[in-house]
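data.tsv (TSV, C-alpha atoms and all ligand atoms)
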```tsv
chain	number	residue	atom	x	y	z
A	30	MET	CA	-17.63	0.17	-3.91
A	31	PRO	CA	-15.50	0.50	-0.79
A	32	LEU	CA	-13.39	3.66	-0.72
A	33	PHE	CA	-10.13	1.81	-0.25
A	34	LEU	CA	-10.45	-0.49	-3.27
A	35	PRO	CA	-8.81	0.55	-6.55
A	36	LYS	CA	-10.57	-0.06	-9.87
A	37	LYS	CA	-7.41	-1.50	-11.38
A	38	ARG	CA	-3.90	-2.54	-10.39
A	39	PHE	CA	-0.76	-2.46	-12.46
A	40	ARG	CA	2.79	-3.14	-11.38
A	41	ARG	CA	4.50	-0.08	-12.86
A	42	VAL	CA	3.17	3.09	-14.43
A	43	THR	CA	4.78	2.00	-17.70
A	44	ASP	CA	2.53	-1.10	-17.69
A	45	ILE	CA	-0.53	1.10	-18.27
A	46	GLY	CA	-1.25	0.77	-21.96
A	47	TYR	CA	-3.16	3.24	-24.09
A	48	GLY	CA	-5.53	0.43	-25.10
A	49	TYR	CA	-6.62	-0.01	-21.49
A	50	LEU	CA	-7.29	3.71	-21.08
A	51	LYS	CA	-9.22	3.91	-24.35
A	52	LYS	CA	-11.35	0.88	-23.46
A	53	ASN	CA	-12.27	2.49	-20.14
A	54	ASN	CA	-12.84	5.96	-21.64
A	55	ILE	CA	-10.02	7.54	-19.61
A	56	LYS	CA	-8.76	10.75	-21.17
A	57	ALA	CA	-6.56	12.21	-18.48
A	58	LEU	CA	-4.17	10.96	-15.80
A	59	ILE	CA	-3.31	12.54	-12.46
A	60	LEU	CA	0.13	11.19	-11.61
A	61	ASP	CA	1.67	10.72	-8.18
A	62	VAL	CA	5.48	11.14	-7.98
A	63	ASP	CA	7.09	9.18	-5.15
A	64	ASN	CA	7.18	5.46	-5.88
A	65	THR	CA	5.08	6.05	-9.01
A	66	LEU	CA	7.27	8.03	-11.44
A	67	SER	CA	10.47	7.69	-9.39
A	68	THR	CA	11.63	6.07	-6.17
A	69	HIS	CA	10.90	7.96	-2.94
A	70	HIS	CA	12.55	11.44	-2.99
A	71	SER	CA	14.51	10.70	-6.16
A	72	GLN	CA	14.81	13.25	-8.97
A	73	THR	CA	15.56	10.48	-11.47
A	74	PRO	CA	12.55	9.12	-13.37
A	75	TYR	CA	12.12	5.35	-13.23
A	76	ASN	CA	13.20	3.32	-16.30
A	77	GLY	CA	11.06	4.06	-19.33
A	78	VAL	CA	8.90	6.70	-17.64
A	79	ASP	CA	9.85	9.57	-19.97
A	80	LYS	CA	9.16	7.47	-23.07
A	81	TRP	CA	5.82	6.28	-21.63
A	82	LEU	CA	4.75	9.86	-20.83
A	83	ARG	CA	5.54	11.04	-24.37
A	84	GLU	CA	3.64	8.08	-25.82
A	85	MET	CA	0.55	8.88	-23.71
A	86	GLU	CA	0.71	12.52	-24.79
A	87	SER	CA	1.06	11.55	-28.43
A	88	LYS	CA	-2.20	9.56	-28.11
A	89	GLY	CA	-3.93	12.62	-26.66
A	90	ILE	CA	-3.94	11.62	-22.97
A	91	LYS	CA	-3.67	14.73	-20.76
A	92	LEU	CA	-1.20	14.44	-17.88
A	93	LEU	CA	-0.70	16.29	-14.61
A	94	ILE	CA	1.42	15.59	-11.54
A	95	LEU	CA	-0.28	15.81	-8.14
A	96	SER	CA	2.01	15.17	-5.19
A	97	ASN	CA	1.64	15.67	-1.46
A	98	SER	CA	5.28	16.76	-1.37
A	99	LYS	CA	6.54	20.33	-1.30
A	100	LYS	CA	7.08	22.46	-4.38
A	101	ARG	CA	10.87	22.26	-4.05
A	102	ARG	CA	10.70	18.47	-4.46
A	103	VAL	CA	8.01	18.37	-7.16
A	104	GLU	CA	8.87	21.33	-9.41
A	105	PRO	CA	12.35	20.28	-10.64
A	106	PHE	CA	11.06	16.75	-11.28
A	107	ALA	CA	8.00	17.99	-13.18
A	108	ASN	CA	10.19	20.37	-15.21
A	109	LEU	CA	12.54	17.55	-16.09
A	110	LEU	CA	9.61	15.51	-17.41
A	111	LYS	CA	7.98	18.59	-19.01
A	112	LEU	CA	4.75	18.08	-17.07
A	113	ASP	CA	2.41	20.50	-15.35
A	114	PHE	CA	2.14	19.92	-11.59
A	115	LEU	CA	0.38	20.66	-8.32
A	116	SER	CA	2.35	20.21	-5.08
A	117	LEU	CA	1.08	19.98	-1.46
A	118	GLY	CA	-1.84	17.99	-2.82
A	119	CYS	CA	-3.17	16.94	0.63
A	120	LYS	CA	-4.36	13.56	-0.69
A	121	PRO	CA	-6.61	11.86	0.46
A	122	LEU	CA	-8.50	15.11	1.03
A	123	PRO	CA	-10.49	15.95	-2.09
A	124	PHE	CA	-9.52	19.55	-2.86
A	125	GLY	CA	-6.15	18.90	-4.51
A	126	LEU	CA	-7.66	16.12	-6.59
A	127	ILE	CA	-10.61	18.30	-7.59
A	128	ARG	CA	-8.24	21.10	-8.60
A	129	ALA	CA	-6.21	18.63	-10.64
A	130	LYS	CA	-9.32	17.26	-12.34
A	131	ARG	CA	-10.50	20.80	-13.22
A	132	LYS	CA	-7.07	21.68	-14.60
A	133	LEU	CA	-7.20	18.63	-16.87
A	134	GLY	CA	-10.70	19.52	-18.03
A	135	PHE	CA	-12.43	16.12	-18.07
A	136	LYS	CA	-15.18	14.49	-16.04
A	137	ALA	CA	-14.16	12.60	-12.89
A	138	LYS	CA	-14.83	9.19	-14.45
A	139	GLU	CA	-12.74	10.16	-17.53
A	140	THR	CA	-9.84	11.04	-15.22
A	141	ALA	CA	-7.71	8.45	-13.42
A	142	MET	CA	-5.50	8.91	-10.37
A	143	VAL	CA	-2.35	6.84	-10.78
A	144	GLY	CA	-0.42	6.25	-7.56
A	145	ASP	CA	1.12	3.67	-5.25
A	146	GLN	CA	-0.66	4.36	-1.94
A	147	VAL	CA	-4.15	3.22	-0.99
A	148	PHE	CA	-4.44	5.66	1.93
A	149	THR	CA	-3.64	8.75	-0.12
A	150	ASP	CA	-4.10	8.11	-3.86
A	151	THR	CA	-6.88	5.49	-3.94
A	152	ILE	CA	-9.09	6.75	-1.11
A	153	GLY	CA	-8.77	10.38	-2.24
A	154	ALA	CA	-9.71	9.62	-5.84
A	155	ASN	CA	-12.60	7.35	-4.81
A	156	LEU	CA	-13.97	10.19	-2.66
A	157	CYS	CA	-14.08	12.36	-5.79
A	158	GLY	CA	-15.47	9.71	-8.17
A	159	ILE	CA	-12.14	9.73	-10.03
A	160	TYR	CA	-11.03	6.41	-11.58
A	161	THR	CA	-8.37	4.69	-9.48
A	162	ILE	CA	-5.26	2.90	-10.71
A	163	LEU	CA	-3.02	1.52	-7.96
A	164	LEU	CA	0.60	0.62	-8.66
A	165	GLU	CA	3.10	-1.42	-6.72
A	166	PRO	CA	5.62	0.88	-5.02
A	167	ILE	CA	8.89	0.87	-6.99
A	168	LYS	CA	10.86	0.39	-3.76
A	169	TYR	CA	9.53	-0.04	-0.22
A	170	GLU	CA	10.25	2.88	2.10
A	171	ASP	CA	11.93	2.76	5.49
A	172	GLY	CA	10.17	4.17	8.54
A	173	LYS	CA	7.56	2.89	10.93
A	174	SER	CA	4.50	4.73	9.59
A	175	PHE	CA	5.19	3.50	6.06
A	176	LYS	CA	5.63	-0.07	7.28
A	177	ILE	CA	2.24	0.03	9.05
A	178	ARG	CA	0.51	1.49	5.98
A	179	ARG	CA	2.10	-0.99	3.61
A	180	LYS	CA	0.96	-3.85	5.86
A	181	LEU	CA	-2.64	-2.61	5.83
A	182	GLU	CA	-2.41	-2.12	2.07
A	183	LYS	CA	-1.46	-5.77	1.62
A	184	ARG	CA	-4.82	-6.80	3.11
A	185	ILE	CA	-6.67	-4.44	0.78
A	186	ILE	CA	-4.73	-5.71	-2.23
A	187	ALA	CA	-5.61	-9.29	-1.24
A	188	LYS	CA	-9.26	-8.24	-1.21
A	189	TYR	CA	-8.86	-6.66	-4.66
A	190	GLU	CA	-7.23	-9.84	-5.97
A	191	ARG	CA	-10.10	-12.01	-4.67
A	192	LYS	CA	-12.63	-9.71	-6.34
A	193	HIS	CA	-10.80	-9.74	-9.68
A	194	LYS	CA	-9.53	-13.33	-9.76
A	195	ASN	CA	-11.81	-14.33	-12.61
A	196	GLU	CA	-10.59	-11.53	-14.90
A	197	ARG	CA	-7.32	-13.17	-15.83
B	1	MG	MG	3.52	7.78	-3.85
```
Represent the structure from my file as structure tokens, please.
Amino acid sequence: MPLFLPKKRFRRVTDIGYGYLKKNNIKALILDVDNTLSTHHSQTPYNGVDKWLREMESKGIKLLILSNSKKRRVEPFANLLKLDFLSLGCKPLPFGLIRAKRKLGFKAKETAMVGDQVFTDTIGANLCGIYTILLEPIKYEDGKSFKIRRKLEKRIIAKYERKHKNER
């Protein structure tokens, strides 16, 4: 399986149902922040995120935030959502992801990385054998480097869609 392809795509984090996780034997989620749980740099959780998190926890899914951002951005947000966190995650390099997986206490294939970026979240998790769930960004970012990455991602997503077209 190519490193840049996610196992599964959803639109929003709140679209991930417990039934899907159970069916795929996923027991823990590593959660990205920017454009996954909130818009880029926002301290306000996206609609329904808090309720979704509490529902996952009530079903026994273990949750942890792993962000590439600094502690001062991640900590207040994680505290607000009452979640444990790791900042400066260095995704797509494996060590932050491996630390997160160890903290959660499950095997790599029982742990899913949930994020919106192929070049950090998906590639990093694939390098570690962690299950990959790719979301659509809540809101597209400004800035040249983001625009280039998002353009490349579109080609990868098209490839994913071709591969999975018979599943729907
Ligand atoms: Mg993100």
Tell me, in Å to one decimal, how far atom CA of Ala137 of chain A is from atom CA of Thr161 of chain A.
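So the answer is 10.4 Å.
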Of the candidates A:Val147, A:Leu34, A:Leu82, A:Leu109, which one gets nearest to ligand MG 1 (chain B) if we count all atoms listed in the file?
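Counting all atoms listed in the file, the residue closest to ligand MG 1 (chain B) is A:Val147.
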Point-to-point distance from atom CA of Ser116 of chain A to atom CA of Gln146 of chain A, Å rounded to tenths:
16.4 Å
Using only C-alpha atoms, which protein or nucleic acid residues come within 8 Å of segment 128-135 of chain A? Drop anything in the same chain fewer than 5 positions from it, and give the result as a PyMOL selection string.
chain A and resi 56-57+59+91-93+95+115+140
Against ligand MG 1 (chain B), which residues of chain A fall within 9 Å? For each one I want the closest pair of atoms and the distance in Å (one decimal), counting only C-alpha atoms and all ligand atoms, rows by chain and increasing residue number, as CSV.
```
residue,atom,partner,partner_atom,distance
A:Asp61,CA,B:MG1,MG,5.6
A:Val62,CA,B:MG1,MG,5.7
A:Asp63,CA,B:MG1,MG,4.0
A:Asn64,CA,B:MG1,MG,4.8
A:Thr65,CA,B:MG1,MG,5.7
A:Leu66,CA,B:MG1,MG,8.5
A:Ser67,CA,B:MG1,MG,8.9
A:Thr68,CA,B:MG1,MG,8.6
A:His69,CA,B:MG1,MG,7.4
A:Ser96,CA,B:MG1,MG,7.7
A:Asn97,CA,B:MG1,MG,8.5
A:Gly144,CA,B:MG1,MG,5.6
A:Asp145,CA,B:MG1,MG,5.0
A:Gln146,CA,B:MG1,MG,5.7
A:Thr149,CA,B:MG1,MG,8.1
A:Asp150,CA,B:MG1,MG,7.6
A:Pro166,CA,B:MG1,MG,7.3
```
Keeping only C-alpha atoms, write those residues as an mmCIF file, keeping the file's coordinate frame.
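Result written to result-v9.cif:
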```cif
data_model
loop_
_atom_site.group_PDB
_atom_site.id
_atom_site.type_symbol
_atom_site.label_atom_id
_atom_site.label_comp_id
_atom_site.auth_asym_id
_atom_site.auth_seq_id
_atom_site.Cartn_x
_atom_site.Cartn_y
_atom_site.Cartn_z
ATOM 1 C CA ASP A 61 1.670 10.720 -8.180
ATOM 2 C CA VAL A 62 5.480 11.140 -7.980
ATOM 3 C CA ASP A 63 7.090 9.180 -5.150
ATOM 4 C CA ASN A 64 7.180 5.460 -5.880
ATOM 5 C CA THR A 65 5.080 6.050 -9.010
ATOM 6 C CA LEU A 66 7.270 8.030 -11.440
ATOM 7 C CA SER A 67 10.470 7.690 -9.390
ATOM 8 C CA THR A 68 11.630 6.070 -6.170
ATOM 9 C CA HIS A 69 10.900 7.960 -2.940
ATOM 10 C CA SER A 96 2.010 15.170 -5.190
ATOM 11 C CA ASN A 97 1.640 15.670 -1.460
ATOM 12 C CA GLY A 144 -0.420 6.250 -7.560
ATOM 13 C CA ASP A 145 1.120 3.670 -5.250
ATOM 14 C CA GLN A 146 -0.660 4.360 -1.940
ATOM 15 C CA THR A 149 -3.640 8.750 -0.120
ATOM 16 C CA ASP A 150 -4.100 8.110 -3.860
ATOM 17 C CA PRO A 166 5.620 0.880 -5.020
#
```
Interatomic distance (Å, one decimal) between atom CA of Asp171 of chain A and atom CA of Thr43 of chain A:
24.3 Å
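Between Ala141 of chain A and the candidates A:Phe124, A:Tyr47, A:Tyr160, A:Tyr75, the tightest atom-to-atom separation, counting all atoms listed in the file, involves A:Tyr160.
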Closest to Cys119 of chain A among A:Ile90, A:Ile152, A:Val143, A:Ile167, using all atoms listed in the file?
A:Ile152
Determine, counting only C-alpha atoms, every residue of protein, DNA or RNA that lies within 9 Å of (-8.8, 12.2, -3.0) in the file coordinates, then give the result as a PDB file with C-alpha atoms, in the coordinates of the input.
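Listed below is the output, result17.pdb:
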```pdb
ATOM      1  CA  CYS A 119      -3.170  16.940   0.630  1.00  0.00           C
ATOM      2  CA  LYS A 120      -4.360  13.560  -0.690  1.00  0.00           C
ATOM      3  CA  PRO A 121      -6.610  11.860   0.460  1.00  0.00           C
ATOM      4  CA  LEU A 122      -8.500  15.110   1.030  1.00  0.00           C
ATOM      5  CA  PRO A 123     -10.490  15.950  -2.090  1.00  0.00           C
ATOM      6  CA  PHE A 124      -9.520  19.550  -2.860  1.00  0.00           C
ATOM      7  CA  GLY A 125      -6.150  18.900  -4.510  1.00  0.00           C
ATOM      8  CA  LEU A 126      -7.660  16.120  -6.590  1.00  0.00           C
ATOM      9  CA  ILE A 127     -10.610  18.300  -7.590  1.00  0.00           C
ATOM     10  CA  MET A 142      -5.500   8.910 -10.370  1.00  0.00           C
ATOM     11  CA  THR A 149      -3.640   8.750  -0.120  1.00  0.00           C
ATOM     12  CA  ASP A 150      -4.100   8.110  -3.860  1.00  0.00           C
ATOM     13  CA  THR A 151      -6.880   5.490  -3.940  1.00  0.00           C
ATOM     14  CA  ILE A 152      -9.090   6.750  -1.110  1.00  0.00           C
ATOM     15  CA  GLY A 153      -8.770  10.380  -2.240  1.00  0.00           C
ATOM     16  CA  ALA A 154      -9.710   9.620  -5.840  1.00  0.00           C
ATOM     17  CA  ASN A 155     -12.600   7.350  -4.810  1.00  0.00           C
ATOM     18  CA  LEU A 156     -13.970  10.190  -2.660  1.00  0.00           C
ATOM     19  CA  CYS A 157     -14.080  12.360  -5.790  1.00  0.00           C
ATOM     20  CA  GLY A 158     -15.470   9.710  -8.170  1.00  0.00           C
ATOM     21  CA  ILE A 159     -12.140   9.730 -10.030  1.00  0.00           C
TER      22      ILE A 159
END
```
